[in-house]
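Below: the structure, in structure tokens.
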Amino acid sequence: MENQTFTISALAKTHGLSRSTLLYYDRLGLLSPSGRSGSNYRVYTASDARRLEAICQYRRMGIPLKEIGAILASTGHTSSSEILKRRLKNLEREITNLRRQQRCIVDILKQTELTKESEMISKEKWVAVMRAAGMSDDDMRNWHIQFEKMEPQGHQEFLESLGIGESEINEIRDWSRKG
């Protein structure tokens, strides 16, 4: 396996990425091919594949690409440790904010009795409730992103319960995944 090589398309597919993403990572200096084939195609090694796996892992943690570059370039443990600790603190703040938003929603649901099963809530009513709770467009967008990350099927079912059409649901879920 150590002598195995990959084309850009094969490596991208293995990690669920697009070819253009790997080209972008190359432009940023995060992942460059180890060589070129006789036809001048990019060739990646098993070592490159491991580096890409590390990049993907850091991305799943929400680490920005610039900081991933710093982590990969660091020779010492300190730089990566500081970046990971900073990300952890940011996550703690985000979780605290999400819990605050969650409490606001629960309070509004209690106050307005929106949990009655016989009463259908529309997208427009839900947005009005969120705004009444003091949530901005950015707060609502973040709410969708976190809902999609934590409970994708529940997010789908929730959007359907609001009577939103399939194409709009797909659009919301697409930007939620990319968020």
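Each chain in the structure tokens gets a letter, A, B and so on, in the order shown; residues start at 1 in every chain, and ligands are counted from 1 in the order they appear.
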Determine, for each residue of range 38-110 of chain A having at least one atom at most 9 Å from an atom of range 22-28 of chain A, the closest pair of atoms and their separation in Å to one decimal, counting only C-alpha atoms; order by chain and ascending number, as CSV.
```
residue,atom,partner,partner_atom,distance
A:Leu52,CA,A:Leu22,CA,8.9
A:Leu65,CA,A:Leu28,CA,8.4
A:Lys66,CA,A:Leu28,CA,8.3
A:Gly69,CA,A:Leu28,CA,8.2
```
> Can you list, as an NGL selection string, every residue of chain A that DSSP puts in alpha helix (DSSP H)?
Replying inline: :A and (8-14 or 19-28 or 46-60 or 65-73 or 77-112 or 123-132 or 137-150 or 152-161 or 166-178)
>> Calculated over only C-alpha atoms, which of the candidates A:Arg141, A:Arg173, A:Lys149, A:Arg99 has the smallest distance to Arg60 in chain A?
In response: A:Lys149
> Could you write out, as a PyMOL selection string, all the residues of range 37-145 of chain A that DSSP marks as strand (DSSP E)?
Replying inline: chain A and resi 42-45
> CA of Glu157 in chain A to CA of Ile95 in chain A: how many Å, to one decimal?
Replying inline: 22.6 Å
>> Which residue is closest to Thr5 in chain A? Choose from A:Ser32, A:Ser80, A:Ser37, A:Asn170 and count only C-alpha atoms.
In response: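 For Thr5 in chain A, the nearest of the candidates is A:Ser37.
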>> Ranking A:Asp48, A:His155, A:Cys56, A:Gly163 by minimum distance to Lys125 in chain A and counting only C-alpha atoms, which one comes first?
In response: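 Answer, going by the shortest atom-to-atom distance: A:Gly163.
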> Residues at most 9 Å from range 158-161 of chain A, counting only C-alpha atoms, excluding those fewer than 3 positions away in the same chain, as an MDAnalysis selection string?
Replying inline: chainID A and resid 120:123 153:155 164:166 169 172
Could you please take those selected residues and save all heavy atoms as an mmCIF file, in the first residue's frame?
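selection-v1.cif, written as the output of this step:
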```
data_model
loop_
_atom_site.group_PDB
_atom_site.id
_atom_site.type_symbol
_atom_site.label_atom_id
_atom_site.label_comp_id
_atom_site.auth_asym_id
_atom_site.auth_seq_id
_atom_site.Cartn_x
_atom_site.Cartn_y
_atom_site.Cartn_z
ATOM 1 N N MET A 120 -51.009 22.841 12.986
ATOM 2 C CA MET A 120 -49.875 22.778 12.067
ATOM 3 C C MET A 120 -49.205 24.144 12.056
ATOM 4 O O MET A 120 -49.872 25.165 11.934
ATOM 5 C CB MET A 120 -50.373 22.414 10.662
ATOM 6 C CG MET A 120 -49.303 22.393 9.653
ATOM 7 S SD MET A 120 -48.509 20.790 9.707
ATOM 8 C CE MET A 120 -47.764 20.766 8.120
ATOM 9 N N ILE A 121 -47.886 24.137 12.178
ATOM 10 C CA ILE A 121 -47.159 25.404 12.129
ATOM 11 C C ILE A 121 -46.513 25.520 10.746
ATOM 12 O O ILE A 121 -45.933 24.569 10.241
ATOM 13 C CB ILE A 121 -46.119 25.512 13.263
ATOM 14 C CG1 ILE A 121 -45.456 26.881 13.242
ATOM 15 C CG2 ILE A 121 -45.085 24.426 13.180
ATOM 16 C CD1 ILE A 121 -44.717 27.216 14.510
ATOM 17 N N SER A 122 -46.623 26.682 10.165
ATOM 18 C CA SER A 122 -46.054 26.908 8.837
ATOM 19 C C SER A 122 -44.652 27.491 8.981
ATOM 20 O O SER A 122 -44.241 27.923 10.061
ATOM 21 C CB SER A 122 -46.931 27.890 8.056
ATOM 22 O OG SER A 122 -46.859 29.183 8.665
ATOM 23 N N LYS A 123 -43.961 27.505 7.871
ATOM 24 C CA LYS A 123 -42.616 28.104 7.835
ATOM 25 C C LYS A 123 -42.688 29.561 8.295
ATOM 26 O O LYS A 123 -41.870 30.010 9.103
ATOM 27 C CB LYS A 123 -42.054 28.019 6.413
ATOM 28 C CG LYS A 123 -40.771 28.772 6.213
ATOM 29 C CD LYS A 123 -40.374 28.803 4.746
ATOM 30 C CE LYS A 123 -39.272 29.793 4.501
ATOM 31 N NZ LYS A 123 -38.980 29.971 3.087
ATOM 32 N N GLN A 153 -31.622 13.601 9.982
ATOM 33 C CA GLN A 153 -32.966 13.077 9.696
ATOM 34 C C GLN A 153 -34.027 13.909 10.409
ATOM 35 O O GLN A 153 -35.076 14.207 9.844
ATOM 36 C CB GLN A 153 -33.078 11.597 10.091
ATOM 37 C CG GLN A 153 -34.396 10.958 9.705
ATOM 38 C CD GLN A 153 -34.683 11.023 8.205
ATOM 39 O OE1 GLN A 153 -33.805 10.869 7.380
ATOM 40 N NE2 GLN A 153 -35.934 11.282 7.869
ATOM 41 N N GLY A 154 -33.748 14.291 11.641
ATOM 42 C CA GLY A 154 -34.679 15.135 12.386
ATOM 43 C C GLY A 154 -34.853 16.486 11.712
ATOM 44 O O GLY A 154 -35.961 17.039 11.678
ATOM 45 N N HIS A 155 -33.763 17.021 11.162
ATOM 46 C CA HIS A 155 -33.822 18.299 10.447
ATOM 47 C C HIS A 155 -34.738 18.161 9.231
ATOM 48 O O HIS A 155 -35.591 19.013 8.984
ATOM 49 C CB HIS A 155 -32.404 18.728 10.041
ATOM 50 C CG HIS A 155 -32.308 20.125 9.540
ATOM 51 N ND1 HIS A 155 -31.402 20.484 8.574
ATOM 52 C CD2 HIS A 155 -32.969 21.261 9.861
ATOM 53 C CE1 HIS A 155 -31.521 21.771 8.316
ATOM 54 N NE2 HIS A 155 -32.472 22.265 9.089
ATOM 55 N N ILE A 164 -42.693 22.887 3.930
ATOM 56 C CA ILE A 164 -41.754 23.417 2.938
ATOM 57 C C ILE A 164 -41.620 22.396 1.813
ATOM 58 O O ILE A 164 -41.557 21.199 2.051
ATOM 59 C CB ILE A 164 -40.382 23.690 3.593
ATOM 60 C CG1 ILE A 164 -40.520 24.736 4.694
ATOM 61 C CG2 ILE A 164 -39.364 24.135 2.562
ATOM 62 C CD1 ILE A 164 -39.271 24.962 5.509
ATOM 63 N N GLY A 165 -41.543 22.892 0.574
ATOM 64 C CA GLY A 165 -41.406 22.023 -0.591
ATOM 65 C C GLY A 165 -40.046 21.335 -0.642
ATOM 66 O O GLY A 165 -39.067 21.791 -0.040
ATOM 67 N N GLU A 166 -39.988 20.237 -1.388
ATOM 68 C CA GLU A 166 -38.780 19.403 -1.467
ATOM 69 C C GLU A 166 -37.565 20.178 -1.962
ATOM 70 O O GLU A 166 -36.477 20.047 -1.402
ATOM 71 C CB GLU A 166 -39.042 18.202 -2.372
ATOM 72 C CG GLU A 166 -37.865 17.247 -2.460
ATOM 73 C CD GLU A 166 -38.172 16.036 -3.327
ATOM 74 O OE1 GLU A 166 -39.347 15.717 -3.552
ATOM 75 O OE2 GLU A 166 -37.196 15.428 -3.780
ATOM 76 N N ILE A 169 -36.318 22.455 0.755
ATOM 77 C CA ILE A 169 -35.709 21.640 1.816
ATOM 78 C C ILE A 169 -34.301 21.232 1.392
ATOM 79 O O ILE A 169 -33.349 21.344 2.173
ATOM 80 C CB ILE A 169 -36.563 20.396 2.138
ATOM 81 C CG1 ILE A 169 -37.834 20.807 2.892
ATOM 82 C CG2 ILE A 169 -35.770 19.378 2.962
ATOM 83 C CD1 ILE A 169 -38.823 19.676 3.130
ATOM 84 N N ILE A 172 -31.978 24.236 1.697
ATOM 85 C CA ILE A 172 -31.656 24.536 3.104
ATOM 86 C C ILE A 172 -30.657 23.526 3.645
ATOM 87 O O ILE A 172 -29.667 23.882 4.289
ATOM 88 C CB ILE A 172 -32.938 24.553 3.969
ATOM 89 C CG1 ILE A 172 -33.828 25.734 3.597
ATOM 90 C CG2 ILE A 172 -32.579 24.583 5.465
ATOM 91 C CD1 ILE A 172 -35.225 25.688 4.207
#
```
> Pick the closest to Met140 in chain A from A:Gly62, A:Gln156, A:Gln102, A:Asp107: which is it, counting only C-alpha atoms?
Replying inline: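 Among A:Gly62, A:Gln156, A:Gln102, A:Asp107, it is A:Gln102 that comes nearest to Met140 in chain A.
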